[in-house]
file coords_22.csv (CSV, C-alpha atoms)
chain,number,residue,atom,x,y,z
P,7,MET,CA,0.8,-6.6,-48.6
P,8,LYS,CA,-2.1,-6.0,-46.3
P,9,LYS,CA,-2.2,-9.7,-45.3
P,10,THR,CA,1.5,-9.6,-44.5
P,11,ILE,CA,1.1,-6.5,-42.3
P,12,PHE,CA,-1.9,-8.1,-40.6
P,13,LEU,CA,0.0,-11.3,-39.8
P,14,SER,CA,2.9,-9.3,-38.5
P,15,LEU,CA,0.6,-7.4,-36.1
P,16,VAL,CA,-0.9,-10.6,-34.9
P,17,ALA,CA,2.5,-12.1,-34.3
P,18,LEU,CA,3.6,-9.0,-32.4
P,19,LEU,CA,0.5,-9.1,-30.3
P,20,CYS,CA,1.0,-12.8,-29.5
P,21,VAL,CA,4.6,-12.1,-28.4
P,22,GLN,CA,3.4,-9.2,-26.2
P,23,LEU,CA,0.7,-11.3,-24.6
P,24,SER,CA,3.1,-14.2,-24.0
P,25,HIS,CA,5.3,-11.9,-21.9
P,26,ALA,CA,2.5,-10.1,-20.1
P,27,ALA,CA,2.3,-10.0,-16.3
P,28,LYS,CA,0.1,-12.7,-14.7
P,29,VAL,CA,-2.8,-11.7,-12.4
P,30,ASP,CA,-3.9,-14.3,-9.8
P,31,THR,CA,-6.3,-14.3,-6.9
P,32,ALA,CA,-4.7,-16.0,-4.0
P,33,LEU,CA,-6.6,-17.4,-1.0
P,34,THR,CA,-4.7,-16.8,2.1
P,35,TYR,CA,-5.5,-17.7,5.7
P,36,SER,CA,-5.4,-15.5,8.8
P,37,ALA,CA,-4.9,-17.5,12.0
P,38,ALA,CA,-5.4,-14.4,14.0
P,39,MET,CA,-8.9,-13.9,12.6
P,40,LYS,CA,-9.6,-17.5,11.8
P,41,LYS,CA,-10.7,-16.9,8.2
P,42,ASN,CA,-9.6,-17.0,4.6
P,43,ILE,CA,-8.8,-13.7,2.9
P,44,LYS,CA,-8.3,-13.0,-0.8
P,45,ALA,CA,-5.5,-11.1,-2.4
P,46,VAL,CA,-4.6,-10.1,-5.9
P,47,VAL,CA,-1.0,-11.1,-6.8
P,48,ILE,CA,0.6,-9.7,-10.0
P,49,THR,CA,3.7,-11.5,-11.1
P,50,PRO,CA,5.8,-9.9,-13.9
P,51,ASP,CA,6.6,-11.6,-17.3
P,52,SER,CA,10.0,-12.8,-16.2
P,53,TYR,CA,8.9,-14.3,-12.9
P,54,ASN,CA,9.6,-17.9,-13.8
P,55,GLN,CA,13.1,-17.1,-14.8
P,56,ALA,CA,13.9,-15.1,-11.7
P,57,LYS,CA,15.5,-16.4,-8.5
P,58,SER,CA,13.8,-13.8,-6.4
P,59,MET,CA,11.9,-10.6,-6.8
P,60,PRO,CA,11.0,-7.5,-4.7
P,61,VAL,CA,7.4,-7.1,-3.6
P,62,VAL,CA,5.1,-4.0,-3.3
P,63,TYR,CA,2.1,-4.4,-1.1
P,64,LEU,CA,-0.7,-2.1,-2.4
P,65,LEU,CA,-3.6,-1.3,0.0
P,66,HIS,CA,-7.1,-0.2,-0.9
P,67,GLY,CA,-9.2,2.5,0.7
P,68,ALA,CA,-12.3,2.6,2.9
P,69,GLY,CA,-15.2,0.8,1.3
P,70,GLY,CA,-12.9,-1.0,-1.1
P,71,SER,CA,-11.6,-4.6,-1.5
P,72,PHE,CA,-8.6,-6.6,-2.8
P,73,SER,CA,-9.7,-6.3,-6.4
P,74,ASN,CA,-10.1,-2.5,-6.5
P,75,TRP,CA,-6.6,-1.7,-7.7
P,76,ILE,CA,-6.4,-4.1,-10.6
P,77,LYS,CA,-9.9,-3.3,-11.8
P,78,LYS,CA,-9.4,0.5,-11.7
P,79,VAL,CA,-5.7,0.5,-12.8
P,80,PRO,CA,-5.1,-2.4,-15.1
P,81,ALA,CA,-1.8,-0.7,-16.1
P,82,LEU,CA,-0.4,-2.3,-12.9
P,83,GLN,CA,0.4,-5.4,-15.0
P,84,GLN,CA,2.6,-3.2,-17.2
P,85,TYR,CA,4.3,-1.6,-14.2
P,86,ALA,CA,5.0,-5.1,-12.7
P,87,ASP,CA,6.8,-5.9,-16.0
P,88,ASP,CA,8.5,-2.6,-16.3
P,89,TYR,CA,10.0,-2.8,-12.8
P,90,GLN,CA,10.2,-6.6,-12.5
P,91,THR,CA,8.3,-6.4,-9.2
P,92,ILE,CA,5.6,-8.6,-7.7
P,93,ILE,CA,2.5,-6.5,-6.7
P,94,VAL,CA,0.2,-7.8,-3.9
P,95,CYS,CA,-3.2,-6.2,-3.3
P,96,PRO,CA,-4.6,-7.6,0.0
P,97,ASP,CA,-8.1,-7.3,1.3
P,98,GLY,CA,-8.2,-5.0,4.3
P,99,ASN,CA,-12.0,-5.4,4.8
P,100,VAL,CA,-14.2,-2.3,4.1
P,101,THR,CA,-13.0,-0.2,7.1
P,102,SER,CA,-10.3,-2.0,9.0
P,103,TRP,CA,-7.9,1.0,8.8
P,104,TYR,CA,-5.3,-1.8,9.0
P,105,PHE,CA,-5.4,-1.9,12.8
P,106,ASP,CA,-5.4,-4.7,15.3
P,107,SER,CA,-8.6,-3.4,16.9
P,108,PRO,CA,-8.3,-3.2,20.7
P,109,ILE,CA,-12.0,-3.5,21.1
P,110,ASP,CA,-13.0,-6.1,18.4
P,111,PRO,CA,-10.8,-9.3,18.2
P,112,GLU,CA,-12.3,-10.1,14.8
P,113,TRP,CA,-10.4,-7.2,13.2
P,114,LYS,CA,-6.7,-7.9,13.3
P,115,TYR,CA,-5.5,-6.5,10.0
P,116,GLU,CA,-2.1,-5.3,11.3
P,117,THR,CA,-1.2,-8.8,12.1
P,118,TYR,CA,-2.7,-10.1,8.9
P,119,VAL,CA,-0.9,-7.8,6.5
P,120,ALA,CA,2.4,-7.2,8.2
P,121,THR,CA,3.0,-10.8,9.4
P,122,GLU,CA,0.6,-13.4,8.1
P,123,LEU,CA,0.3,-12.2,4.5
P,124,VAL,CA,4.0,-11.4,4.2
P,125,ASN,CA,4.9,-14.8,5.4
P,126,TRP,CA,2.4,-16.5,3.1
P,127,ILE,CA,3.7,-14.5,0.0
P,128,ASP,CA,7.3,-15.3,0.9
P,129,LYS,CA,6.5,-19.0,1.3
P,130,ASN,CA,4.5,-19.3,-2.0
P,131,TYR,CA,6.4,-16.9,-4.3
P,132,ASN,CA,10.0,-16.3,-5.3
P,133,THR,CA,10.5,-13.2,-3.2
P,134,ILE,CA,13.4,-11.3,-1.7
P,135,LYS,CA,12.8,-12.3,1.9
P,136,ASP,CA,14.1,-9.2,3.5
P,137,ARG,CA,13.0,-5.6,4.2
P,138,LYS,CA,15.3,-4.5,1.4
P,139,GLY,CA,13.0,-6.2,-1.0
P,140,ARG,CA,9.6,-5.1,0.4
P,141,ALA,CA,7.6,-1.9,0.1
P,142,ILE,CA,4.1,-1.0,1.1
P,143,THR,CA,1.8,1.8,0.0
P,144,GLY,CA,-1.9,2.5,-0.5
P,145,LEU,CA,-4.6,5.1,-1.1
P,146,SER,CA,-6.7,6.9,1.5
P,147,MET,CA,-7.3,4.4,4.3
P,148,GLY,CA,-4.6,2.3,2.7
P,149,GLY,CA,-2.2,5.3,2.7
P,150,HIS,CA,-2.7,5.5,6.4
P,151,GLY,CA,-2.4,1.7,6.7
P,152,ALA,CA,0.9,1.6,4.7
P,153,LEU,CA,2.6,4.2,6.8
P,154,TYR,CA,1.1,2.8,10.1
P,155,LEU,CA,2.3,-0.7,9.3
P,156,SER,CA,5.7,0.4,8.0
P,157,PHE,CA,6.4,2.6,11.0
P,158,LYS,CA,5.5,-0.3,13.4
P,159,HIS,CA,7.2,-3.0,11.4
P,160,GLN,CA,10.5,-1.5,10.1
P,161,ASP,CA,12.0,-4.9,10.3
P,162,VAL,CA,9.5,-6.1,7.6
P,163,PHE,CA,9.3,-3.1,5.2
P,164,GLY,CA,12.2,-1.1,3.9
P,165,ALA,CA,10.1,1.5,2.0
P,166,ALA,CA,6.6,2.9,2.3
P,167,GLY,CA,4.3,5.3,0.6
P,168,SER,CA,0.9,7.0,0.9
P,169,MET,CA,-1.5,8.4,-1.8
P,170,SER,CA,-4.1,10.8,-0.4
P,171,GLY,CA,-3.6,9.1,2.9
P,172,GLY,CA,-5.8,9.7,6.0
P,173,VAL,CA,-2.6,10.2,7.9
P,174,ASP,CA,-4.3,12.0,10.8
P,175,ILE,CA,-7.5,10.4,11.9
P,176,THR,CA,-8.2,12.6,14.9
P,177,PRO,CA,-10.1,15.3,12.9
P,178,PHE,CA,-12.6,12.7,11.7
P,179,PRO,CA,-14.0,11.0,14.8
P,180,ALA,CA,-17.4,10.2,13.2
P,181,SER,CA,-16.1,9.0,9.8
P,182,TRP,CA,-15.3,5.7,8.0
P,183,ASP,CA,-16.1,3.4,11.0
P,184,ILE,CA,-12.9,4.3,12.8
P,185,ILE,CA,-15.0,4.5,16.0
P,186,LYS,CA,-15.8,0.8,15.5
P,187,ARG,CA,-12.0,0.0,15.5
P,188,LEU,CA,-10.8,2.3,18.3
P,189,GLY,CA,-13.9,3.1,20.4
P,190,ASP,CA,-15.5,6.5,20.9
P,191,TYR,CA,-13.1,9.4,20.4
P,192,ASP,CA,-14.1,11.4,23.5
P,193,LYS,CA,-13.6,8.3,25.7
P,194,ASN,CA,-10.4,7.1,24.1
P,195,VAL,CA,-8.6,10.3,23.0
P,196,GLN,CA,-5.1,8.9,23.8
P,197,ARG,CA,-5.8,5.7,21.9
P,198,TRP,CA,-6.8,7.6,18.9
P,199,ARG,CA,-3.7,9.8,19.1
P,200,ASP,CA,-1.4,6.9,19.6
P,201,ASN,CA,-2.8,5.1,16.5
P,202,THR,CA,-2.7,8.0,14.0
P,203,VAL,CA,0.3,8.2,11.7
P,204,VAL,CA,1.2,11.9,12.2
P,205,ASN,CA,1.8,11.1,15.9
P,206,MET,CA,3.9,8.0,15.2
P,207,THR,CA,6.9,9.8,13.6
P,208,TRP,CA,8.9,9.3,16.9
P,209,MET,CA,9.4,5.7,15.8
P,210,LEU,CA,11.5,6.9,12.8
P,211,VAL,CA,15.2,7.6,12.5
P,212,PRO,CA,16.8,9.3,9.5
P,213,ASN,CA,17.3,7.0,6.5
P,214,ARG,CA,16.0,3.9,8.1
P,215,LEU,CA,12.7,3.8,6.2
P,216,ALA,CA,12.4,5.2,2.6
P,217,LEU,CA,9.2,7.3,2.4
P,218,ILE,CA,7.2,8.8,-0.4
P,219,ILE,CA,4.0,10.8,0.3
P,220,ASP,CA,1.6,12.0,-2.4
P,221,CYS,CA,-1.6,14.1,-2.1
P,222,GLY,CA,-3.7,16.3,-4.4
P,223,LYS,CA,-4.0,20.0,-3.6
P,224,ASP,CA,-7.8,19.8,-3.5
P,225,ASP,CA,-8.0,16.6,-1.5
P,226,PHE,CA,-9.9,16.7,1.8
P,227,PHE,CA,-6.8,15.1,3.3
P,228,TYR,CA,-4.5,17.8,2.0
P,229,ASN,CA,-4.1,19.6,5.4
P,230,VAL,CA,-3.3,16.4,7.3
P,231,ASN,CA,-0.7,15.4,4.7
P,232,MET,CA,0.9,18.9,5.0
P,233,LYS,CA,0.9,18.4,8.8
P,234,LEU,CA,2.7,15.0,8.4
P,235,HIS,CA,5.2,16.5,5.9
P,236,GLU,CA,6.1,19.4,8.3
P,237,THR,CA,6.4,17.0,11.2
P,238,LEU,CA,8.8,14.8,9.2
P,239,GLN,CA,10.8,17.9,8.2
P,240,TYR,CA,11.0,19.0,11.9
P,241,ASN,CA,12.3,15.6,12.9
P,242,ASN,CA,14.8,15.5,10.0
P,243,ILE,CA,13.3,12.4,8.5
P,244,PRO,CA,14.1,12.4,4.7
P,245,HIS,CA,11.1,11.7,2.5
P,246,ASP,CA,9.8,12.5,-1.0
P,247,PHE,CA,6.7,14.7,-0.8
P,248,ILE,CA,4.5,15.4,-3.8
P,249,ILE,CA,1.6,17.8,-4.1
P,250,ARG,CA,-0.1,18.0,-7.5
P,251,PRO,CA,-3.4,19.3,-8.7
P,252,GLY,CA,-6.1,16.7,-8.0
P,253,VAL,CA,-8.8,15.4,-5.7
P,254,HIS,CA,-9.7,12.2,-3.9
P,255,ASN,CA,-10.4,10.0,-6.8
P,256,TRP,CA,-9.1,7.2,-9.1
P,257,ASP,CA,-7.8,9.6,-11.7
P,258,TYR,CA,-5.4,10.9,-9.2
P,259,TRP,CA,-4.4,7.5,-7.8
P,260,ALA,CA,-3.9,6.0,-11.2
P,261,ASN,CA,-1.3,8.7,-11.9
P,262,ALA,CA,0.2,8.7,-8.4
P,263,ILE,CA,1.0,4.9,-8.4
P,264,LYS,CA,3.4,5.4,-11.3
P,265,TYR,CA,5.6,7.7,-9.2
P,266,GLN,CA,5.4,5.5,-6.2
P,267,LEU,CA,6.4,2.4,-8.1
P,268,MET,CA,9.3,4.3,-9.7
P,269,TYR,CA,10.4,5.4,-6.3
P,270,PHE,CA,10.3,1.8,-4.9
P,271,ASN,CA,12.2,0.6,-7.9
P,272,GLY,CA,15.0,3.0,-7.1
P,273,PHE,CA,15.0,1.7,-3.5
P,274,PHE,CA,15.1,-1.9,-4.6
P,275,ASN,CA,18.0,-1.2,-7.0
P,276,LYS,CA,20.0,0.4,-4.2
P,277,LYS,CA,19.3,-2.8,-2.2
P,278,GLY,CA,17.7,-0.9,0.7
call {"tool": "encode", "arguments": {"input": "coords_22.csv", "output": "structure tokens"}}
result
Amino acid sequence: MKKTIFLSLVALLCVQLSHAAKVDTALTYSAAMKKNIKAVVITPDSYNQAKSMPVVYLLHGAGGSFSNWIKKVPALQQYADDYQTIIVCPDGNVTSWYFDSPIDPEWKYETYVATELVNWIDKNYNTIKDRKGRAITGLSMGGHGALYLSFKHQDVFGAAGSMSGGVDITPFPASWDIIKRLGDYDKNVQRWRDNTVVNMTWMLVPNRLALIIDCGKDDFFYNVNMKLHETLQYNNIPHDFIIRPGVHNWDYWANAIKYQLMYFNGFFNKKG
């Protein structure tokens, strides 16, 4: 009896493993920066049977890399299966802030993520090659990056999110190497203002871009996220806004990503 139970469990495990999402490390190329850049690509269990699938681009934070998300939240494989969605985790370098830096031509991560990477993924994977099948989100610096890129490239992304995002960089002129991407704050005040998400909401029209914003109540970015929420409300831009207990850490983001992927799944199922 015990042997039968054991064999049944082994068989069940084998079935589960055979249908598990696949995690690859892709080597992509940026012509803008003339270098190869790695990205994690998670394809769901039914990928080989699908004609096309939606894609969520998932950005890391300052000091991180392309492998952060899958290492810290291995449950992403299950979520890819659950929602039948490809998840792409690109490398945004340690502190790119996902800008095309106006002062350093070696840092062109807006061009890389929003154009070069999207084109590469569409060429090499069975994707929905349209904004209705693309979403982008991220944590901290990546939360800023996801909203920044989606606001500027609404023809590419149909939905976007942010988790604990640095959505207003102007209160932090000496932090996270932003000065290396935009120049000294006191000498380039307008440039900083023009490249911070909270000041870019003028680019939006109601219901064009599906938005979900999530931040912990005790996060040091809480106030700037509230400021963004209020600005969106004032401009009548629909968005989901989530405030929960939590700080700026992986416990919070591992929980937040579940809500974000559920939201994007709803967007994909409505076909944008």
call {"tool": "residues_around", "arguments": {"input": "coords_22.csv", "residues": "Asp257 in chain P", "least_positions_apart": "3", "cutoff": "12 Å", "atoms": "only C-alpha atoms", "output": "list in words"}}
result
Lys78, Val79, Leu145, Met169, Ser170, Gly222, Pro251, Gly252, Val253, His254, Ala260, Asn261, Ala262, Ile263 and Lys264 of chain P
call {"tool": "closest_residue", "arguments": {"input": "coords_22.csv", "among": "P:Thr237, P:Ser156, P:Asn229, P:Asn205", "to": "Glu116 in chain P", "atoms": "only C-alpha atoms"}}
result
P:Ser156
call {"tool": "atom_distance", "arguments": {"input": "coords_22.csv", "atom1": "CA of Tyr240 in chain P", "atom2": "CA of Thr176 in chain P"}}
result
20.5 Å
call {"tool": "atom_distance", "arguments": {"input": "coords_22.csv", "atom1": "CA of Asn201 in chain P", "atom2": "CA of Val162 in chain P"}}
result
18.9 Å
call {"tool": "atom_distance", "arguments": {"input": "coords_22.csv", "atom1": "CA of Lys158 in chain P", "atom2": "CA of Lys57 in chain P"}}
result
29.0 Å
call {"tool": "closest_residue", "arguments": {"input": "coords_22.csv", "among": "P:Leu215, P:Ala32, P:Ile185, P:Ile175", "to": "Pro244 in chain P", "atoms": "all atoms listed in the file"}}
result
P:Leu215
call {"tool": "residues_around", "arguments": {"input": "coords_22.csv", "residues": "range 94-108 of chain P", "least_positions_apart": "2", "cutoff": "8 Å", "atoms": "all atoms listed in the file", "output": "ChimeraX atom specification"}}
result
/P:43-48,61-73,75,92,110-117,119,147-148,150-151,154-155,182-184,187-188
call {"tool": "closest_residue", "arguments": {"input": "coords_22.csv", "among": "P:Asp30, P:Gln55, P:Gly144, P:Tyr35", "to": "Val124 in chain P", "atoms": "only C-alpha atoms"}}
result
P:Tyr35
call {"tool": "closest_residue", "arguments": {"input": "coords_22.csv", "among": "P:Phe273, P:Met206, P:Lys233, P:Ile249", "to": "Arg137 in chain P", "atoms": "all atoms listed in the file"}}
result
P:Phe273
